[in-house]
>>> print(open('start38.cif').read())   # mmCIF, C-alpha atoms
data_start
#
loop_
_atom_site.label_atom_id
_atom_site.label_comp_id
_atom_site.auth_asym_id
_atom_site.auth_seq_id
_atom_site.Cartn_x
_atom_site.Cartn_y
_atom_site.Cartn_z
CA MET A 51 -23.83 -6.05 9.38
CA CYS A 52 -20.98 -5.95 6.90
CA ALA A 53 -21.75 -5.53 3.21
CA VAL A 54 -18.72 -6.82 1.34
CA VAL A 55 -18.24 -5.52 -2.18
CA ALA A 56 -14.79 -7.05 -2.56
CA SER A 57 -13.55 -9.93 -0.46
CA ASP A 58 -10.20 -11.37 0.60
CA ILE A 59 -8.88 -8.00 1.76
CA ARG A 60 -6.18 -7.66 4.42
CA LEU A 61 -5.20 -4.50 6.26
CA ARG A 62 -2.03 -2.77 5.14
CA GLY A 63 -0.04 -0.39 7.28
CA GLY A 64 -0.13 2.33 4.62
CA PRO A 65 -0.88 3.18 0.99
CA GLN A 66 0.12 0.88 -1.81
CA SER A 67 3.60 1.24 -3.25
CA LEU A 68 4.37 3.79 -5.93
CA GLY A 69 4.09 2.47 -9.45
CA ARG A 70 1.80 -0.47 -8.71
CA GLU A 71 -1.13 -0.95 -11.07
CA GLU A 72 -3.48 -2.29 -8.41
CA PRO A 73 -6.77 -0.43 -7.86
CA ILE A 74 -7.18 1.70 -4.76
CA ARG A 75 -8.71 -0.35 -1.94
CA LEU A 76 -10.90 1.41 0.58
CA ILE A 77 -12.92 0.73 3.69
CA PHE A 78 -16.29 2.50 3.65
CA VAL A 79 -18.38 2.90 6.82
CA ASP A 80 -21.94 4.30 6.72
CA ASP A 81 -25.06 3.25 8.62
CA ASP A 82 -27.55 4.09 5.85
CA ASP A 83 -27.98 0.77 4.04
CA ASP A 84 -29.31 2.19 0.77
CA TYR A 85 -26.74 4.99 0.62
CA ARG A 86 -23.87 2.68 1.57
CA GLU A 87 -24.76 0.11 -1.09
CA ALA A 88 -25.29 2.74 -3.78
CA VAL A 89 -22.03 4.58 -3.06
CA ALA A 90 -20.03 1.35 -2.79
CA ALA A 91 -21.41 0.14 -6.11
CA GLU A 92 -20.59 3.44 -7.82
CA LEU A 93 -17.06 3.44 -6.41
CA VAL A 94 -16.56 -0.09 -7.72
CA ASN A 95 -17.74 1.10 -11.13
CA LEU A 96 -15.14 3.85 -10.91
CA GLY A 97 -12.38 1.29 -10.40
CA PHE A 98 -12.07 1.03 -6.62
CA VAL A 99 -12.06 -2.10 -4.49
CA VAL A 100 -14.48 -1.52 -1.62
CA GLU A 101 -15.37 -3.26 1.61
CA SER A 102 -18.27 -1.55 3.36
CA PHE A 103 -19.62 -1.67 6.91
CA ALA A 104 -22.72 -0.37 8.66
CA ASP A 105 -20.93 0.65 11.86
CA GLY A 106 -17.55 1.09 13.46
CA VAL A 107 -17.84 -2.02 15.63
CA SER A 108 -18.12 -4.39 12.67
CA MET A 109 -15.37 -2.54 10.84
CA LEU A 110 -13.00 -2.82 13.83
CA ALA A 111 -13.77 -6.54 14.07
CA SER A 112 -12.72 -7.02 10.45
CA VAL A 113 -9.65 -4.86 11.00
CA ALA A 114 -8.66 -7.18 13.83
CA ASN A 115 -8.78 -10.07 11.36
CA GLY A 116 -6.62 -8.15 8.89
CA ILE A 117 -7.74 -6.42 5.68
CA VAL A 118 -5.81 -4.61 2.98
CA ALA A 119 -6.76 -0.97 2.38
CA ASP A 120 -5.26 2.30 1.17
CA VAL A 121 -7.80 4.67 2.71
CA ILE A 122 -10.79 4.72 5.07
CA VAL A 123 -13.99 6.67 4.37
CA LEU A 124 -16.12 7.26 7.49
CA ASP A 125 -19.59 8.69 7.90
CA TRP A 126 -19.43 11.42 10.53
CA SER A 127 -22.67 10.31 12.27
CA LEU A 128 -22.40 6.61 13.00
CA PRO A 129 -24.45 4.64 15.55
CA THR A 130 -22.85 3.31 18.74
CA MET A 131 -19.44 4.79 17.87
CA SER A 132 -19.40 8.08 15.92
CA GLY A 133 -16.83 8.75 13.23
CA SER A 134 -15.13 11.28 15.50
CA ASP A 135 -14.74 8.55 18.15
CA LEU A 136 -13.76 5.87 15.67
CA LEU A 137 -10.79 7.72 14.18
CA PRO A 138 -8.93 8.10 17.52
CA ARG A 139 -9.70 4.43 18.24
CA LEU A 140 -8.08 3.45 14.95
CA ARG A 141 -4.98 5.51 15.76
CA ARG A 142 -4.70 3.98 19.24
CA GLU A 143 -4.73 0.55 17.62
CA GLY A 144 -1.92 1.55 15.27
CA ILE A 145 -4.01 1.96 12.11
CA GLN A 146 -2.43 4.93 10.31
CA LEU A 147 -4.35 4.79 7.03
CA PRO A 148 -5.55 8.16 5.68
CA VAL A 149 -9.13 8.93 6.70
CA ILE A 150 -11.81 10.92 4.85
CA PHE A 151 -15.00 11.95 6.63
CA LEU A 152 -18.35 12.03 4.84
CA THR A 153 -21.20 14.10 6.24
CA GLY A 154 -24.79 14.89 5.41
CA HIS A 155 -24.80 17.86 7.81
CA SER A 156 -21.70 19.89 7.10
CA SER A 157 -20.69 22.51 9.64
CA GLN A 158 -17.53 24.50 10.25
CA SER A 159 -17.18 23.18 13.80
CA HIS A 160 -17.35 19.58 12.59
CA GLU A 161 -14.84 20.32 9.84
CA HIS A 162 -12.41 21.84 12.35
CA LEU A 163 -12.79 18.82 14.65
CA ALA A 164 -12.26 16.40 11.78
CA PHE A 165 -8.92 17.96 10.86
CA ASP A 166 -7.90 18.26 14.51
CA LEU A 167 -8.42 14.51 14.80
CA GLY A 168 -6.11 13.95 11.85
CA ALA A 169 -8.57 13.39 8.98
CA LEU A 170 -7.24 14.40 5.58
CA ASP A 171 -10.56 15.50 4.08
CA PHE A 172 -14.13 16.35 5.04
CA VAL A 173 -16.63 15.84 2.22
CA ASP A 174 -20.31 16.78 2.06
CA LYS A 175 -22.36 13.88 0.69
CA LEU A 176 -24.16 16.33 -1.58
CA ARG A 177 -20.95 16.74 -3.60
CA GLY A 178 -21.57 13.31 -5.11
CA VAL A 179 -19.53 10.14 -5.57
CA PRO A 180 -17.38 11.40 -8.50
CA ILE A 181 -16.04 14.23 -6.30
CA LEU A 182 -15.44 11.78 -3.45
CA ALA A 183 -13.57 9.50 -5.86
CA LYS A 184 -11.32 12.36 -6.97
CA ARG A 185 -10.61 13.29 -3.35
CA ILE A 186 -9.70 9.68 -2.55
CA ARG A 187 -7.31 9.46 -5.51
CA VAL A 188 -5.61 12.76 -4.64
CA ILE A 189 -5.04 11.68 -1.04
CA VAL A 190 -3.81 8.17 -1.87
CA GLU A 191 -1.51 9.35 -4.66
CA SER A 192 -0.04 12.11 -2.47
CA SER A 193 0.65 9.50 0.21
CA LYS A 194 2.75 7.35 -2.11
CA ARG A 195 6.49 7.94 -1.97
CA PRO A 196 9.40 5.89 -3.27
CA ALA A 197 11.00 3.78 -0.54
CA GLU A 198 14.32 5.60 -0.93
CA LEU A 199 12.67 8.81 0.25
CA GLU A 200 11.49 7.23 3.48
CA VAL A 201 14.34 8.51 5.62
CA ASP A 202 14.17 9.83 9.15
CA GLU A 203 15.18 13.40 8.38
CA THR A 204 15.19 16.09 11.02
CA GLN A 205 14.54 19.62 9.84
CA ARG A 206 15.52 22.63 11.93
CA CYS A 207 14.70 26.30 11.84
CA GLY A 208 15.98 28.11 14.91
CA ARG A 209 14.24 26.63 17.93
CA LEU A 210 11.83 24.70 15.71
CA MET A 211 12.61 21.06 14.94
CA LEU A 212 10.46 19.01 12.58
CA LYS A 213 10.43 15.24 12.13
CA PRO A 214 8.45 14.73 8.90
CA ARG A 215 8.43 10.94 9.00
CA VAL A 216 6.38 10.94 12.19
CA SER A 217 4.79 14.38 11.61
CA ARG A 218 5.99 15.79 14.93
CA ALA A 219 7.07 19.37 15.66
CA PHE A 220 9.25 20.40 18.62
CA TRP A 221 9.82 23.86 20.07
CA ASN A 222 12.71 24.20 22.50
CA ALA A 223 12.96 20.37 22.25
CA ILE A 224 9.36 19.98 23.55
CA ASP A 225 6.70 18.25 21.43
CA VAL A 226 4.10 20.83 20.39
CA ASN A 227 1.45 18.10 19.97
CA LEU A 228 0.27 19.32 16.59
CA THR A 229 -2.31 17.44 14.58
CA LEU A 230 -1.23 16.17 11.16
CA THR A 231 -2.88 19.14 9.43
CA GLU A 232 -1.30 21.62 11.85
CA PHE A 233 2.10 19.99 11.32
CA ASN A 234 1.73 20.40 7.56
CA ILE A 235 0.90 24.09 7.98
CA VAL A 236 3.93 24.71 10.21
CA ARG A 237 6.18 22.82 7.82
CA LEU A 238 4.88 24.89 4.89
CA LEU A 239 5.50 28.18 6.74
CA ALA A 240 8.96 27.13 7.97
CA SER A 241 9.88 25.97 4.47
CA ASN A 242 9.30 29.55 3.34
CA VAL A 243 10.88 31.25 6.34
CA GLY A 244 10.82 35.02 6.05
CA ASN A 245 8.43 34.97 3.10
CA GLN A 246 4.67 35.45 3.07
CA VAL A 247 2.59 32.32 2.40
CA THR A 248 -0.86 33.17 1.07
CA TYR A 249 -4.10 32.18 2.75
CA ARG A 250 -4.89 30.07 -0.31
CA ALA A 251 -1.57 28.22 -0.12
CA VAL A 252 -2.13 27.44 3.56
CA TYR A 253 -5.65 26.23 2.82
CA ASP A 254 -4.43 24.03 -0.03
CA CYS A 255 -1.96 22.54 2.46
CA MET A 256 -4.85 21.80 4.85
CA HIS A 257 -6.88 20.06 2.13
CA HIS A 258 -5.67 19.86 -1.45
CA VAL A 259 -5.25 22.27 -4.35
CA GLY A 260 -8.59 23.62 -5.53
CA PHE A 261 -10.56 22.58 -2.44
CA ARG A 262 -13.38 25.02 -1.69
CA ALA A 263 -15.34 25.62 1.50
CA GLY A 264 -16.82 28.47 3.49
CA HIS A 265 -18.94 31.38 2.32
CA GLY A 266 -18.01 33.35 -0.79
CA ASN A 267 -14.90 33.11 -2.90
CA GLU A 268 -12.59 33.72 0.06
CA GLY A 269 -14.51 32.04 2.87
CA TYR A 270 -11.57 29.71 3.40
CA ARG A 271 -9.65 32.56 5.10
CA THR A 272 -11.77 32.07 8.23
CA ASN A 273 -10.69 28.42 8.43
CA VAL A 274 -7.04 29.36 7.93
CA ARG A 275 -7.18 32.01 10.68
CA SER A 276 -8.79 29.53 13.08
CA SER A 277 -6.11 26.93 12.37
CA ILE A 278 -3.28 29.44 12.86
CA LYS A 279 -4.87 30.58 16.12
CA ARG A 280 -4.87 26.99 17.43
CA ILE A 281 -1.27 26.47 16.30
CA ARG A 282 -0.09 29.64 18.05
CA LYS A 283 -1.89 28.60 21.22
CA LYS A 284 -0.09 25.25 21.30
CA PHE A 285 3.33 26.89 20.83
CA ARG A 286 2.55 29.46 23.55
CA LEU A 287 1.74 26.69 26.02
CA ILE A 288 5.45 25.88 25.72
CA ASP A 289 6.76 29.40 25.18
CA PRO A 290 4.49 32.32 26.16
CA GLU A 291 6.75 34.64 24.14
CA PHE A 292 6.32 32.66 20.91
CA ALA A 293 5.87 35.09 18.01
CA GLU A 294 7.28 33.34 14.95
CA ILE A 295 4.03 33.28 12.97
CA GLU A 296 3.36 36.77 11.64
CA ASN A 297 0.32 37.90 9.69
CA ASP A 298 -0.20 40.30 6.82
CA PRO A 299 -4.02 40.62 6.71
CA ALA A 300 -3.96 41.25 2.97
CA ILE A 301 -1.73 38.31 2.05
CA GLY A 302 -1.37 35.53 4.63
CA TYR A 303 1.28 34.36 7.10
CA ARG A 304 5.01 33.94 7.38
CA TRP A 305 7.39 32.19 9.75
CA GLY A 306 9.82 34.76 11.14
CA ARG A 307 11.18 37.88 9.47
CA PRO A 308 13.15 37.92 6.20
CA VAL A 309 16.47 38.00 8.06
CA ALA A 310 15.45 34.87 9.96
CA ALA A 311 16.15 32.67 6.94
CA GLU A 312 19.78 32.30 8.06
CA ARG A 313 18.61 30.46 11.19
CA CYS A 314 17.40 27.54 9.09
CA ALA A 315 20.83 26.73 7.70
CA ASP A 316 21.89 24.58 10.64
CA GLY A 317 21.07 21.13 9.33
CA GLY A 318 17.62 21.85 7.97
CA ARG A 319 16.40 21.08 4.45
CA PHE A 320 13.78 23.76 4.00
#
>>> encode(input="start38.cif", output="structure tokens")
Amino acid sequence: MCAVVASDIRLRGGPQSLGREEPIRLIFVDDDDDYREAVAAELVNLGFVVESFADGVSMLASVANGIVADVIVLDWSLPTMSGSDLLPRLRREGIQLPVIFLTGHSSQSHEHLAFDLGALDFVDKLRGVPILAKRIRVIVESSKRPAELEVDETQRCGRLMLKPRVSRAFWNAIDVNLTLTEFNIVRLLASNVGNQVTYRAVYDCMHHVGFRAGHGNEGYRTNVRSSIKRIRKKFRLIDPEFAEIENDPAIGYRWGRPVAAERCADGGRF
């Protein structure tokens, strides 16, 4: 059953245009009726326009009819179709809105899977609605860009070619099949070719500045190492000799050696 907090909403292909004063519109999917209604009401009080659903099936039906939204918030554990199944379904149907996962049972494996699927955030329900609201605003605002910047640039660094508009990375002209988060990490490293990028900077790229997860003050390093390991594996499926991502255990990672910066002068904008 669909609980509509704001009606007359049509689906948009992406975030609202920069400079518009309209409130952020979001789709919220959670099967717990009491929690869904309480969170939706609080988000409305915080200035959002919300349309909420109890399951992915009803949400997809409304999507088919067309609704406007800037972001989708999905419960990880949904009946019939889980959040981890629903996100790929949305992408197959051409819905490219940013997605945030909510979970009542946070785990590192679920967090990794969420980002591999292309989610932009993974929020524990215990953090509360105000934190969720801040995460939503950060993601939507960072997704807004003036129309004149929407150009199909190609960035090159040696054998690496990046196409930011479609978030694709190519090595030796072969698509590496990176997730959105992995693409952002590679772009960050290649933008600083030859220079060390700290673990914290890589983690901020994966989430947003100030995001905290893991155990202890530096627990995020484990997540960064796991992400880099997956990225290296994908490059080595194309090129077994791939060795561009180097690690300084005390600092972080870098793309290539300092002298390699000259290789990024051939048409790139790093």
>>> resolve_selection(input="start38.cif", expression="the PyMOL selection byres ((chain A and resi 242) around 10)", output="PDB file with C-alpha atoms, in the frame of the given file")
ATOM      1  CA  VAL A 236       3.930  24.710  10.210  1.00  0.00           C
ATOM      2  CA  ARG A 237       6.180  22.820   7.820  1.00  0.00           C
ATOM      3  CA  LEU A 238       4.880  24.890   4.890  1.00  0.00           C
ATOM      4  CA  LEU A 239       5.500  28.180   6.740  1.00  0.00           C
ATOM      5  CA  ALA A 240       8.960  27.130   7.970  1.00  0.00           C
ATOM      6  CA  SER A 241       9.880  25.970   4.470  1.00  0.00           C
ATOM      7  CA  VAL A 243      10.880  31.250   6.340  1.00  0.00           C
ATOM      8  CA  GLY A 244      10.820  35.020   6.050  1.00  0.00           C
ATOM      9  CA  ASN A 245       8.430  34.970   3.100  1.00  0.00           C
ATOM     10  CA  GLN A 246       4.670  35.450   3.070  1.00  0.00           C
ATOM     11  CA  VAL A 247       2.590  32.320   2.400  1.00  0.00           C
ATOM     12  CA  ARG A 304       5.010  33.940   7.380  1.00  0.00           C
ATOM     13  CA  TRP A 305       7.390  32.190   9.750  1.00  0.00           C
ATOM     14  CA  GLY A 306       9.820  34.760  11.140  1.00  0.00           C
ATOM     15  CA  PRO A 308      13.150  37.920   6.200  1.00  0.00           C
ATOM     16  CA  ALA A 311      16.150  32.670   6.940  1.00  0.00           C
ATOM     17  CA  PHE A 320      13.780  23.760   4.000  1.00  0.00           C
TER      18      PHE A 320
END
>>> closest_residue(input="start38.cif", among="A:Asp166, A:Asp120, A:Glu143, A:Glu232", to="Glu72 of chain A", atoms="all atoms listed in the file")
A:Asp120
>>> atom_distance(input="start38.cif", atom1="atom CA of Asp254 of chain A", atom2="atom CA of Leu140 of chain A")
25.7 Å
>>> closest_residue(input="start38.cif", among="A:Asp81, A:Gly144, A:Glu87, A:Leu76", to="Ile117 of chain A", atoms="only C-alpha atoms")
A:Leu76
>>> atom_distance(input="start38.cif", atom1="atom CA of Asp174 of chain A", atom2="atom CA of Ala111 of chain A")
27.0 Å
>>> atom_distance(input="start38.cif", atom1="atom CA of Pro148 of chain A", atom2="atom CA of Arg185 of chain A")
11.6 Å
